[in-house]
file final23.cif (mmCIF, C-alpha atoms)
data_structure
loop_
_atom_site.label_atom_id
_atom_site.label_comp_id
_atom_site.auth_asym_id
_atom_site.auth_seq_id
_atom_site.Cartn_x
_atom_site.Cartn_y
_atom_site.Cartn_z
CA MET A 3 -80.06 -43.78 11.11
CA PRO A 4 -80.14 -40.98 8.53
CA PRO A 5 -80.78 -42.18 5.01
CA ALA A 6 -77.80 -43.10 2.86
CA SER A 7 -76.00 -40.20 1.21
CA SER A 8 -76.73 -41.60 -2.26
CA ASN A 9 -80.45 -40.93 -1.72
CA LYS A 10 -79.94 -37.24 -1.13
CA GLN A 11 -80.38 -34.53 -3.75
CA VAL A 12 -78.23 -31.93 -1.93
CA ASP A 13 -75.86 -31.60 0.99
CA LEU A 14 -77.49 -28.58 2.63
CA LEU A 15 -81.03 -27.25 2.60
CA VAL A 16 -81.49 -23.62 3.69
CA TYR A 17 -85.00 -23.48 5.13
CA GLY A 18 -86.34 -19.96 5.55
CA ALA A 19 -84.14 -18.66 2.76
CA THR A 20 -86.32 -15.58 2.16
CA GLY A 21 -85.85 -14.21 5.69
CA PHE A 22 -83.20 -11.61 6.43
CA THR A 23 -80.62 -14.01 7.89
CA GLY A 24 -81.62 -16.82 5.54
CA LYS A 25 -80.85 -14.52 2.62
CA GLU A 26 -77.40 -13.80 4.08
CA VAL A 27 -76.75 -17.55 4.40
CA VAL A 28 -77.73 -17.99 0.74
CA ARG A 29 -75.56 -15.02 -0.24
CA TYR A 30 -72.57 -16.52 1.58
CA LEU A 31 -73.04 -20.00 0.06
CA HIS A 32 -73.21 -18.52 -3.43
CA SER A 33 -70.23 -16.21 -2.93
CA LYS A 34 -67.92 -18.93 -1.63
CA GLN A 35 -68.76 -21.64 -4.18
CA PHE A 36 -67.36 -24.41 -1.95
CA PRO A 37 -66.06 -27.22 -4.22
CA GLY A 38 -68.34 -30.23 -4.24
CA LEU A 39 -70.89 -28.68 -1.87
CA THR A 40 -74.48 -28.76 -3.12
CA TRP A 41 -77.36 -26.88 -1.59
CA ALA A 42 -81.00 -25.91 -2.05
CA ALA A 43 -83.24 -23.07 -0.89
CA ALA A 44 -86.57 -23.87 0.76
CA GLY A 45 -89.57 -21.94 2.03
CA ARG A 46 -93.27 -21.50 1.50
CA ASN A 47 -93.26 -18.95 -1.36
CA GLU A 48 -91.69 -20.11 -4.62
CA SER A 49 -91.59 -16.69 -6.28
CA LYS A 50 -89.87 -15.11 -3.27
CA LEU A 51 -87.31 -17.93 -3.19
CA HIS A 52 -86.45 -17.38 -6.84
CA GLY A 53 -86.30 -13.64 -6.15
CA VAL A 54 -83.73 -14.13 -3.37
CA LEU A 55 -81.61 -16.34 -5.59
CA ARG A 56 -81.67 -13.74 -8.37
CA GLU A 57 -80.83 -10.97 -5.90
CA VAL A 58 -77.65 -12.70 -4.71
CA GLY A 59 -76.59 -13.59 -8.25
CA VAL A 60 -77.51 -17.28 -8.54
CA GLU A 61 -78.04 -18.33 -12.16
CA ALA A 62 -81.54 -19.53 -13.01
CA ASP A 63 -82.20 -23.21 -12.21
CA SER A 64 -78.65 -23.77 -10.87
CA VAL A 65 -79.89 -24.13 -7.27
CA PRO A 66 -82.95 -26.27 -6.48
CA VAL A 67 -85.96 -24.59 -4.89
CA LEU A 68 -88.14 -26.67 -2.57
CA ILE A 69 -91.55 -25.65 -1.23
CA ALA A 70 -92.27 -26.35 2.44
CA ASP A 71 -94.32 -24.66 5.15
CA THR A 72 -94.01 -24.87 8.93
CA SER A 73 -97.77 -25.40 9.13
CA ASP A 74 -97.63 -28.43 6.78
CA HIS A 75 -95.68 -31.30 8.35
CA ASP A 76 -95.77 -33.50 5.25
CA SER A 77 -94.34 -30.73 3.07
CA LEU A 78 -91.47 -30.28 5.53
CA VAL A 79 -90.65 -33.98 5.65
CA SER A 80 -90.85 -34.27 1.86
CA ALA A 81 -88.40 -31.40 1.39
CA PHE A 82 -86.05 -32.39 4.20
CA CYS A 83 -85.69 -35.98 2.96
CA GLN A 84 -83.81 -34.57 -0.03
CA ALA A 85 -80.95 -33.12 2.07
CA LYS A 86 -78.24 -34.38 4.38
CA VAL A 87 -78.41 -31.36 6.71
CA VAL A 88 -81.26 -28.89 7.22
CA LEU A 89 -80.19 -25.34 8.09
CA ASN A 90 -83.22 -23.77 9.77
CA CYS A 91 -83.24 -19.96 9.45
CA THR A 92 -86.86 -19.30 10.50
CA GLY A 93 -87.46 -17.31 13.65
CA PRO A 94 -88.61 -16.58 16.23
CA TYR A 95 -87.84 -20.20 16.97
CA ARG A 96 -90.14 -20.37 19.98
CA PHE A 97 -93.03 -20.02 17.51
CA LEU A 98 -91.67 -21.58 14.31
CA GLY A 99 -88.84 -23.92 15.30
CA GLU A 100 -90.41 -27.00 16.85
CA SER A 101 -92.29 -28.11 13.73
CA VAL A 102 -88.99 -28.07 11.81
CA VAL A 103 -87.24 -30.11 14.51
CA LYS A 104 -90.04 -32.70 14.47
CA ALA A 105 -89.96 -32.92 10.67
CA CYS A 106 -86.18 -33.46 10.70
CA LEU A 107 -86.60 -36.33 13.15
CA ASP A 108 -89.30 -37.88 10.97
CA ALA A 109 -87.14 -37.38 7.86
CA SER A 110 -84.06 -38.78 9.68
CA VAL A 111 -81.98 -35.78 8.68
CA HIS A 112 -79.45 -33.75 10.65
CA TYR A 113 -80.81 -30.46 12.04
CA MET A 114 -78.95 -27.17 12.62
CA ASP A 115 -80.21 -23.67 13.35
CA ILE A 116 -79.04 -20.22 14.43
CA SER A 117 -81.26 -19.72 17.45
CA GLY A 118 -80.17 -17.47 20.29
CA GLU A 119 -83.30 -18.26 22.33
CA PRO A 120 -82.58 -20.22 25.55
CA GLN A 121 -86.23 -21.14 26.04
CA PHE A 122 -86.39 -22.83 22.64
CA MET A 123 -83.01 -24.53 23.04
CA GLU A 124 -83.83 -25.98 26.45
CA ASN A 125 -87.35 -27.00 25.38
CA MET A 126 -86.04 -28.91 22.37
CA PHE A 127 -83.53 -30.69 24.63
CA LEU A 128 -86.33 -31.56 27.05
CA LYS A 129 -88.67 -32.92 24.38
CA TYR A 130 -86.42 -34.47 21.74
CA HIS A 131 -82.94 -35.25 23.08
CA LYS A 132 -83.71 -38.90 23.83
CA GLU A 133 -85.46 -39.46 20.49
CA ALA A 134 -82.62 -37.81 18.58
CA GLN A 135 -80.12 -40.02 20.40
CA GLU A 136 -82.07 -43.16 19.57
CA ASN A 137 -82.32 -42.13 15.90
CA ASN A 138 -78.62 -41.13 15.71
CA ASN A 139 -79.70 -37.63 14.64
CA PRO A 140 -77.44 -34.80 15.78
CA GLY A 141 -79.57 -31.73 16.36
CA ASP A 142 -77.90 -28.45 17.22
CA PRO A 143 -80.24 -25.50 17.78
CA ARG A 144 -77.60 -22.87 18.58
CA LEU A 145 -75.07 -22.43 15.81
CA ALA A 146 -74.90 -18.67 15.46
CA PHE A 147 -73.02 -15.74 16.96
CA ASP A 148 -75.22 -16.04 20.07
CA SER A 149 -73.54 -19.30 20.97
CA VAL A 150 -70.52 -20.42 18.96
CA PRO A 151 -67.87 -17.76 19.72
CA ALA A 152 -68.60 -18.01 23.44
CA ASP A 153 -69.11 -21.78 23.65
CA MET A 154 -66.22 -22.77 21.40
CA GLY A 155 -64.22 -19.92 22.90
CA VAL A 156 -64.59 -21.60 26.31
CA ARG A 157 -63.47 -24.89 24.75
CA PHE A 158 -60.42 -23.14 23.28
CA CYS A 159 -59.71 -21.55 26.68
CA MET A 160 -59.83 -24.90 28.45
CA GLN A 161 -57.51 -26.48 25.88
CA GLN A 162 -54.99 -23.64 26.02
CA PHE A 163 -54.97 -23.52 29.82
CA GLN A 164 -54.37 -27.26 29.99
CA ASN A 165 -51.55 -26.98 27.45
CA ALA A 166 -49.94 -24.22 29.52
CA HIS A 167 -50.28 -26.13 32.79
CA PRO A 168 -49.92 -29.84 31.98
CA ASP A 169 -48.45 -31.03 35.27
CA ASP A 170 -47.93 -28.10 37.65
CA GLY A 171 -51.06 -28.64 39.71
CA TYR A 172 -53.11 -25.72 38.36
CA SER A 173 -56.68 -26.29 37.22
CA LEU A 174 -58.94 -23.77 35.51
CA SER A 175 -61.38 -22.38 38.06
CA SER A 176 -63.17 -19.53 36.23
CA ILE A 177 -63.68 -17.83 32.88
CA GLU A 178 -65.13 -14.35 32.48
CA SER A 179 -66.06 -13.19 28.97
CA PHE A 180 -66.42 -9.56 27.89
CA LEU A 181 -68.12 -8.82 24.58
CA LYS A 182 -67.32 -5.66 22.65
CA VAL A 183 -69.18 -4.75 19.45
CA ILE A 184 -67.21 -2.29 17.31
CA THR A 185 -69.16 -0.08 14.91
CA GLY A 186 -68.24 2.39 12.17
CA PRO A 187 -69.67 5.77 11.12
CA SER A 188 -72.93 4.16 9.94
CA GLY A 189 -73.67 2.79 13.41
CA LEU A 190 -75.18 -0.51 14.51
CA GLY A 191 -78.15 -2.12 12.78
CA GLY A 192 -80.35 -5.11 13.52
CA HIS A 193 -83.36 -6.84 11.99
CA TYR A 194 -86.84 -6.85 13.52
CA THR A 195 -86.88 -10.64 14.00
CA THR A 196 -83.80 -10.45 16.23
CA PHE A 197 -85.58 -7.79 18.30
CA GLU A 198 -88.75 -9.90 18.42
CA CYS A 199 -86.81 -12.90 19.74
CA ALA A 200 -85.29 -10.77 22.49
CA VAL A 201 -88.66 -9.31 23.50
CA HIS A 202 -90.28 -12.71 23.95
CA GLY A 203 -87.20 -14.23 25.55
CA ILE A 204 -86.86 -11.61 28.27
CA GLY A 205 -90.62 -11.61 28.78
CA ASP A 206 -90.82 -15.36 29.39
CA VAL A 207 -88.17 -16.13 32.00
CA ASP A 208 -90.67 -18.08 34.11
CA SER A 209 -91.17 -20.55 31.25
CA LEU A 210 -87.42 -21.04 30.93
CA ARG A 211 -87.13 -21.72 34.65
CA ARG A 212 -89.93 -24.32 34.45
CA ILE A 213 -88.32 -26.06 31.47
CA ARG A 214 -84.96 -26.28 33.25
CA ASN A 215 -86.64 -27.86 36.27
CA GLU A 216 -88.31 -30.43 33.99
CA VAL A 217 -84.96 -31.19 32.32
CA GLN A 218 -83.48 -31.85 35.75
CA GLU A 219 -86.35 -34.19 36.67
CA LYS A 220 -86.32 -36.07 33.34
CA TYR A 221 -82.59 -36.56 32.79
CA ASN A 222 -81.10 -36.13 36.27
CA PRO A 223 -77.77 -34.91 34.85
CA PRO A 224 -74.60 -35.20 36.95
CA LYS A 225 -73.95 -32.38 39.34
CA ILE A 226 -71.59 -29.77 37.92
CA THR A 227 -69.01 -28.69 40.47
CA HIS A 228 -66.25 -26.06 40.43
CA ASN A 229 -62.83 -25.72 41.96
CA GLY A 230 -61.13 -22.68 43.41
CA PRO A 231 -62.67 -19.68 45.19
CA ARG A 232 -66.19 -18.66 44.29
CA LEU A 233 -66.20 -16.24 41.36
CA ALA A 234 -67.34 -12.82 42.54
CA LYS A 235 -70.51 -11.61 40.83
CA ARG A 236 -70.30 -8.13 39.36
CA PRO A 237 -73.13 -5.64 39.91
CA ALA A 238 -75.64 -4.74 37.21
CA LEU A 239 -73.34 -1.93 36.12
CA SER A 240 -69.65 -1.68 36.92
CA TRP A 241 -66.46 -0.06 35.67
CA ASP A 242 -63.85 -2.46 34.33
CA GLU A 243 -60.31 -1.11 34.54
CA GLU A 244 -58.81 -3.62 32.11
CA ALA A 245 -61.32 -2.81 29.36
CA GLY A 246 -61.60 0.88 30.23
CA GLN A 247 -65.36 0.44 29.82
CA TYR A 248 -68.53 0.12 31.81
CA VAL A 249 -69.82 -3.45 31.70
CA ILE A 250 -73.18 -5.09 32.32
CA PRO A 251 -74.19 -8.77 32.55
CA PHE A 252 -74.66 -10.05 28.99
CA MET A 253 -78.34 -10.77 28.38
CA GLY A 254 -77.77 -13.14 25.46
CA ALA A 255 -77.68 -16.92 25.37
CA ASP A 256 -73.93 -17.38 25.98
CA ALA A 257 -73.97 -18.44 29.65
CA SER A 258 -76.99 -20.69 29.07
CA VAL A 259 -75.34 -22.46 26.13
CA ILE A 260 -71.99 -22.90 27.91
CA ARG A 261 -73.66 -24.47 30.94
CA SER A 262 -75.74 -26.68 28.63
CA SER A 263 -72.46 -27.85 27.06
CA PHE A 264 -71.08 -28.71 30.48
CA ARG A 265 -74.28 -30.65 31.21
CA ALA A 266 -74.24 -32.52 27.89
CA LEU A 267 -70.56 -33.45 28.15
CA SER A 268 -71.01 -34.55 31.77
CA MET A 269 -73.98 -36.75 30.83
CA ARG A 270 -71.98 -38.36 28.04
CA ASP A 271 -68.58 -38.72 29.70
CA ALA A 272 -69.32 -39.24 33.39
CA PRO A 273 -72.99 -40.15 33.83
CA ALA A 274 -72.62 -41.41 37.40
CA GLU A 275 -70.28 -38.80 38.82
CA SER A 276 -70.12 -35.07 39.28
CA ARG A 277 -67.64 -33.33 37.01
CA VAL A 278 -65.53 -30.25 37.64
CA TRP A 279 -65.95 -27.33 35.22
CA PRO A 280 -64.80 -23.71 35.36
CA GLN A 281 -67.20 -21.12 36.73
CA ILE A 282 -68.63 -18.90 33.97
CA ALA A 283 -69.69 -15.26 33.85
CA CYS A 284 -70.56 -13.29 30.70
CA TYR A 285 -70.54 -9.51 30.34
CA ALA A 286 -70.94 -6.87 27.64
CA GLU A 287 -69.02 -3.62 27.34
CA VAL A 288 -71.30 -0.58 27.01
CA GLY A 289 -68.94 2.38 26.64
CA ASN A 290 -66.72 4.59 28.72
CA SER A 291 -68.86 7.72 29.14
CA TRP A 292 -71.53 8.49 31.69
CA GLY A 293 -73.86 9.65 28.93
CA GLY A 294 -73.56 6.43 26.96
CA MET A 295 -73.86 4.35 30.11
CA LEU A 296 -77.00 6.18 31.25
CA ALA A 297 -78.58 5.86 27.80
CA THR A 298 -77.89 2.12 27.77
CA GLY A 299 -79.28 1.73 31.26
CA LEU A 300 -82.40 3.70 30.42
CA VAL A 301 -83.13 1.75 27.22
CA GLY A 302 -82.41 -1.56 28.94
CA GLY A 303 -84.58 -0.73 31.93
CA VAL A 304 -87.54 0.35 29.82
CA PHE A 305 -87.14 -2.71 27.58
CA SER A 306 -87.07 -5.17 30.51
CA THR A 307 -90.05 -3.54 32.20
CA LEU A 308 -92.21 -3.54 29.09
CA ALA A 309 -91.20 -7.07 28.08
CA ALA A 310 -92.65 -8.39 31.34
CA SER A 311 -96.28 -7.80 30.24
CA SER A 312 -98.26 -8.64 27.12
CA TYR A 313 -99.25 -4.98 26.63
CA GLY A 314 -95.62 -3.90 27.02
CA ARG A 315 -94.46 -6.51 24.52
CA SER A 316 -97.03 -5.27 22.00
CA LEU A 317 -95.65 -1.74 22.40
CA LEU A 318 -92.06 -2.90 21.96
CA LEU A 319 -92.92 -4.87 18.83
CA ALA A 320 -94.92 -2.00 17.35
CA TYR A 321 -92.04 0.49 17.72
CA PRO A 322 -88.74 -1.44 17.54
CA GLY A 323 -86.71 1.55 16.39
CA PHE A 324 -87.94 3.81 19.15
CA PHE A 325 -87.29 1.29 21.94
CA SER A 326 -83.86 0.26 20.63
CA ASN A 327 -82.46 3.74 20.07
CA GLY A 328 -82.76 3.29 16.31
CA ILE A 329 -80.87 -0.01 16.06
CA PHE A 330 -83.63 -2.42 15.02
CA SER A 331 -85.97 -2.10 12.03
CA HIS A 332 -88.00 -4.22 9.63
CA GLU A 333 -85.47 -3.37 6.91
CA GLY A 334 -82.49 -4.56 8.95
CA PRO A 335 -78.92 -3.26 8.78
CA THR A 336 -77.51 -1.83 5.57
CA GLN A 337 -74.62 -3.50 3.77
CA GLN A 338 -72.47 -0.53 4.83
CA GLN A 339 -73.30 -1.14 8.48
CA LEU A 340 -72.47 -4.82 8.09
CA ARG A 341 -69.09 -4.01 6.54
CA GLU A 342 -68.16 -1.53 9.28
CA THR A 343 -69.11 -3.68 12.29
CA SER A 344 -67.06 -6.33 14.09
CA PHE A 345 -66.81 -7.94 17.52
CA GLU A 346 -64.27 -9.08 20.09
CA PHE A 347 -64.58 -11.39 23.08
CA ASP A 348 -62.03 -10.95 25.86
CA PHE A 349 -61.83 -14.16 27.91
CA ARG A 350 -60.11 -13.87 31.28
CA LEU A 351 -59.06 -17.18 32.77
CA THR A 352 -58.10 -17.83 36.37
CA GLY A 353 -56.64 -21.08 37.69
CA HIS A 354 -55.79 -22.33 41.16
CA ARG A 355 -53.94 -25.16 42.77
CA GLU A 356 -55.81 -27.45 45.15
CA GLY A 357 -56.91 -25.51 48.18
CA GLY A 358 -57.80 -22.38 46.22
CA GLU A 359 -54.51 -20.54 46.65
CA ASP A 360 -51.67 -19.44 44.37
CA ALA A 361 -53.69 -18.14 41.42
CA THR A 362 -52.54 -17.94 37.79
CA SER A 363 -54.20 -16.23 34.84
CA MET A 364 -54.45 -16.22 31.03
CA ARG A 365 -56.16 -14.03 28.41
CA VAL A 366 -57.78 -15.28 25.20
CA LYS A 367 -59.40 -13.25 22.42
CA VAL A 368 -62.05 -14.41 19.97
CA SER A 369 -62.90 -11.95 17.20
CA GLY A 370 -64.72 -11.75 13.92
CA PRO A 371 -66.80 -9.61 11.53
CA GLU A 372 -70.28 -8.19 12.17
CA PRO A 373 -71.83 -10.74 14.53
CA GLY A 374 -75.51 -11.09 13.70
CA TYR A 375 -75.65 -11.36 9.91
CA VAL A 376 -72.06 -11.72 8.63
CA ALA A 377 -70.30 -13.93 11.18
CA THR A 378 -73.43 -16.02 11.70
CA PRO A 379 -73.66 -17.39 8.10
CA MET A 380 -69.89 -18.02 8.08
CA ILE A 381 -70.02 -19.96 11.35
CA PHE A 382 -73.19 -21.79 10.32
CA ILE A 383 -71.71 -23.09 7.06
CA ALA A 384 -68.33 -23.92 8.60
CA LEU A 385 -69.96 -26.18 11.17
CA ALA A 386 -72.32 -27.68 8.59
CA ARG A 387 -69.30 -28.57 6.43
CA CYS A 388 -67.63 -30.13 9.46
CA LEU A 389 -70.70 -32.26 10.11
CA LEU A 390 -70.89 -33.26 6.44
CA LYS A 391 -67.24 -34.29 6.42
CA GLU A 392 -67.58 -36.50 9.46
CA TYR A 393 -70.91 -37.87 8.27
CA ASP A 394 -69.72 -38.76 4.76
CA CYS A 395 -66.13 -39.79 5.45
CA SER A 396 -66.91 -42.15 8.31
CA GLY A 397 -68.91 -44.49 6.13
CA GLN A 398 -71.31 -44.97 9.03
CA GLY A 399 -72.24 -41.45 10.06
CA ALA A 400 -71.46 -39.22 12.98
CA GLY A 401 -71.01 -41.18 16.18
CA SER A 402 -69.58 -44.31 14.53
CA GLN A 403 -66.28 -45.79 15.63
CA LYS A 404 -64.56 -43.88 12.80
CA SER A 405 -66.07 -40.50 13.67
CA PRO A 406 -65.30 -38.37 16.73
CA LEU A 407 -68.72 -36.74 16.61
CA PRO A 408 -71.49 -37.95 18.95
CA ARG A 409 -74.16 -40.31 17.69
CA GLY A 410 -77.08 -37.99 18.16
CA GLY A 411 -79.10 -35.82 20.50
CA VAL A 412 -80.11 -32.19 20.92
CA LEU A 413 -76.67 -30.81 21.61
CA THR A 414 -74.53 -27.68 21.86
CA PRO A 415 -71.56 -26.56 19.72
CA GLN A 416 -69.05 -27.90 22.26
CA ALA A 417 -70.92 -31.17 22.70
CA VAL A 418 -71.02 -31.80 18.94
CA PHE A 419 -67.77 -30.36 17.61
CA ALA A 420 -65.22 -30.28 20.43
CA ALA A 421 -63.89 -33.71 19.42
CA SER A 422 -63.37 -32.72 15.78
CA PRO A 423 -59.59 -32.32 15.30
CA ASN A 424 -59.89 -29.48 12.76
CA ILE A 425 -62.73 -27.47 14.24
CA PHE A 426 -60.72 -24.35 15.10
CA GLU A 427 -59.03 -24.40 11.70
CA LEU A 428 -62.47 -24.47 10.06
CA LEU A 429 -63.70 -21.62 12.25
CA ASN A 430 -60.56 -19.59 11.50
CA ASP A 431 -61.28 -20.09 7.79
CA ALA A 432 -64.72 -18.62 8.56
CA GLU A 433 -62.99 -15.49 9.93
CA LEU A 434 -63.61 -16.45 13.57
CA MET A 435 -60.17 -15.95 15.12
CA PHE A 436 -59.01 -17.62 18.38
CA GLU A 437 -55.85 -16.19 19.97
CA VAL A 438 -53.96 -16.51 23.25
CA MET A 439 -53.06 -12.96 24.30
CA GLU A 440 -51.09 -13.45 27.53
#
call {"tool": "encode", "arguments": {"input": "final23.cif", "output": "structure tokens"}}
result
Amino acid sequence: MPPASSNKQVDLLVYGATGFTGKEVVRYLHSKQFPGLTWAAAGRNESKLHGVLREVGVEADSVPVLIADTSDHDSLVSAFCQAKVVLNCTGPYRFLGESVVKACLDASVHYMDISGEPQFMENMFLKYHKEAQENNNPGDPRLAFDSVPADMGVRFCMQQFQNAHPDDGYSLSSIESFLKVITGPSGLGGHYTTFECAVHGIGDVDSLRRIRNEVQEKYNPPKITHNGPRLAKRPALSWDEEAGQYVIPFMGADASVIRSSFRALSMRDAPAESRVWPQIACYAEVGNSWGGMLATGLVGGVFSTLAASSYGRSLLLAYPGFFSNGIFSHEGPTQQQLRETSFEFDFRLTGHREGGEDATSMRVKVSGPEPGYVATPMIFIALARCLLKEYDCSGQGAGSQKSPLPRGGVLTPQAVFAASPNIFELLNDAELMFEVME
């Protein structure tokens, strides 16, 4: 079990606070001044940590600074023991994440991160899910824009569809999501580390396939089945009449995380039986002009080709701006770009009665501010506060008879937070809006 709350110096520990996203998490925590919430900043360079705190306006000595290094296990454990929840902001996670996960297990502290890397997520499930369950440690390596709007959006869709069709024989057979990123005059910006994660992720699909096979062999999860007609797969590039945009399959972690949620919930709720879930497909809107579509296709094709080889990856990483059409840089987006950018998910639901006939539909929208560095800290802290509430108020910790949260494991947003009665209210407070459109 995690150590008693009375032994903890702070509620939250932001590890990797000097990184680009870590700094935005610190900025958000300081700006909101949540009543009763205590936090610390941690990393390997004390002067840089103090510099970040000064930059965001934190008064001297008002926030603890803890020194820890991913290469020094004892320093990690020593720092993590002083917090209830560790918020890991160090990436790429495939290189830097596992040592933090291991230290959290040894420190018996709850772990959360903002990874959008399927290989890391699945590998941590493979290696540490059973140990985290036995220690009653919830670990959630996917609490950022890459996962939460889509995964919790699917949960919201399932709830709303069930509410609309309580006893008329319809069941939800498929959900298609369409992501649109809306930018202003300053354009879209991204940080180098985000680009680096994408390069290695796309270049290592064979490793992800191997890990998923090992997960199947080790845990033998229940078979996931679907109802209704098979969801038609869209081509690599297609025109969508409803959006008035060209769309491509979304290359992010959304589909992987949603299916991992289905697996985790099936393992927990129906370990001996197959369970019926909606079919999932995730797409991204890429514009409504041939010129924009061709530019996207060209950049994407070159990126995928180069990412497949070590020499190509070295080229991509050496010239991130050139190979991303100016989006990614070591400096990251400007504050103006962050203010001007937002996102919308359009979820299209289809349900059928038994036999696959007589279809019905529903539309749901999930929207929020700039996804990578504004929405992500808001979502991260909202879910950390939810975990803290359940952990402290239950008297026994998450997973006790008084708490709806699971006991432990390497889990997904749905698998951890779907049972929390106020989760969508908390996410709405974090400017992540969930709406039924039709």
call {"tool": "resolve_selection", "arguments": {"input": "final23.cif", "expression": "the PyMOL selection byres ((chain A and resi 309) around 8)", "output": "PDB file with C-alpha atoms, in the frame of the given file"}}
result
ATOM      1  CA  VAL A 201     -88.660  -9.310  23.500  1.00  0.00           C
ATOM      2  CA  HIS A 202     -90.280 -12.710  23.950  1.00  0.00           C
ATOM      3  CA  ILE A 204     -86.860 -11.610  28.270  1.00  0.00           C
ATOM      4  CA  GLY A 205     -90.620 -11.610  28.780  1.00  0.00           C
ATOM      5  CA  PHE A 305     -87.140  -2.710  27.580  1.00  0.00           C
ATOM      6  CA  SER A 306     -87.070  -5.170  30.510  1.00  0.00           C
ATOM      7  CA  THR A 307     -90.050  -3.540  32.200  1.00  0.00           C
ATOM      8  CA  LEU A 308     -92.210  -3.540  29.090  1.00  0.00           C
ATOM      9  CA  ALA A 310     -92.650  -8.390  31.340  1.00  0.00           C
ATOM     10  CA  SER A 311     -96.280  -7.800  30.240  1.00  0.00           C
ATOM     11  CA  SER A 312     -98.260  -8.640  27.120  1.00  0.00           C
ATOM     12  CA  GLY A 314     -95.620  -3.900  27.020  1.00  0.00           C
ATOM     13  CA  ARG A 315     -94.460  -6.510  24.520  1.00  0.00           C
ATOM     14  CA  LEU A 318     -92.060  -2.900  21.960  1.00  0.00           C
TER      15      LEU A 318
END
call {"tool": "resolve_selection", "arguments": {"input": "final23.cif", "expression": "the PyMOL selection byres ((chain A and resi 384) around 9)", "output": "list in words"}}
result
Pro379, Met380, Ile381, Phe382, Ile383, Leu385, Ala386, Arg387, Cys388, Leu389, Ile425, Leu428, Leu429, Asp431 and Ala432 of chain A
call {"tool": "write_last_selection", "arguments": {"input": "final23.cif", "atoms": "C-alpha atoms", "output": "PDB file, in the frame of the given file"}}
result
ATOM      1  CA  PRO A 379     -73.660 -17.390   8.100  1.00  0.00           C
ATOM      2  CA  MET A 380     -69.890 -18.020   8.080  1.00  0.00           C
ATOM      3  CA  ILE A 381     -70.020 -19.960  11.350  1.00  0.00           C
ATOM      4  CA  PHE A 382     -73.190 -21.790  10.320  1.00  0.00           C
ATOM      5  CA  ILE A 383     -71.710 -23.090   7.060  1.00  0.00           C
ATOM      6  CA  LEU A 385     -69.960 -26.180  11.170  1.00  0.00           C
ATOM      7  CA  ALA A 386     -72.320 -27.680   8.590  1.00  0.00           C
ATOM      8  CA  ARG A 387     -69.300 -28.570   6.430  1.00  0.00           C
ATOM      9  CA  CYS A 388     -67.630 -30.130   9.460  1.00  0.00           C
ATOM     10  CA  LEU A 389     -70.700 -32.260  10.110  1.00  0.00           C
ATOM     11  CA  ILE A 425     -62.730 -27.470  14.240  1.00  0.00           C
ATOM     12  CA  LEU A 428     -62.470 -24.470  10.060  1.00  0.00           C
ATOM     13  CA  LEU A 429     -63.700 -21.620  12.250  1.00  0.00           C
ATOM     14  CA  ASP A 431     -61.280 -20.090   7.790  1.00  0.00           C
ATOM     15  CA  ALA A 432     -64.720 -18.620   8.560  1.00  0.00           C
TER      16      ALA A 432
END
call {"tool": "closest_residue", "arguments": {"input": "final23.cif", "among": "A:His75, A:Lys34, A:Arg270, A:Arg29", "to": "Gly59 of chain A", "atoms": "all atoms listed in the file"}}
result
A:Arg29
call {"tool": "closest_residue", "arguments": {"input": "final23.cif", "among": "A:Ser344, A:Gln218, A:Ser316, A:Asn430", "to": "Phe127 of chain A", "atoms": "only C-alpha atoms"}}
result
A:Gln218
call {"tool": "resolve_selection", "arguments": {"input": "final23.cif", "expression": "the PyMOL selection byres ((chain A and resi 132) around 12)", "output": "list in words"}}
result
Leu107, Met126, Phe127, Leu128, Lys129, Tyr130, His131, Glu133, Ala134, Gln135, Glu136, Asn137, Asn138, Asn139, Pro140, Gly141, Val217, Lys220, Tyr221, Arg409, Gly410, Gly411, Val412 and Leu413 of chain A
call {"tool": "closest_residue", "arguments": {"input": "final23.cif", "among": "A:Asn327, A:Thr196, A:Thr352, A:Asn290", "to": "Lys182 of chain A", "atoms": "all atoms listed in the file"}}
result
A:Asn290
call {"tool": "closest_residue", "arguments": {"input": "final23.cif", "among": "A:Met364, A:Ala421, A:Ile177, A:Ala166", "to": "Leu267 of chain A", "atoms": "only C-alpha atoms"}}
result
A:Ala421
call {"tool": "closest_residue", "arguments": {"input": "final23.cif", "among": "A:Lys391, A:Arg211, A:His354, A:Arg365", "to": "Glu437 of chain A", "atoms": "only C-alpha atoms"}}
result
A:Arg365
call {"tool": "atom_distance", "arguments": {"input": "final23.cif", "atom1": "atom CA of Asn424 of chain A", "atom2": "atom CA of Leu31 of chain A"}}
result
20.6 Å
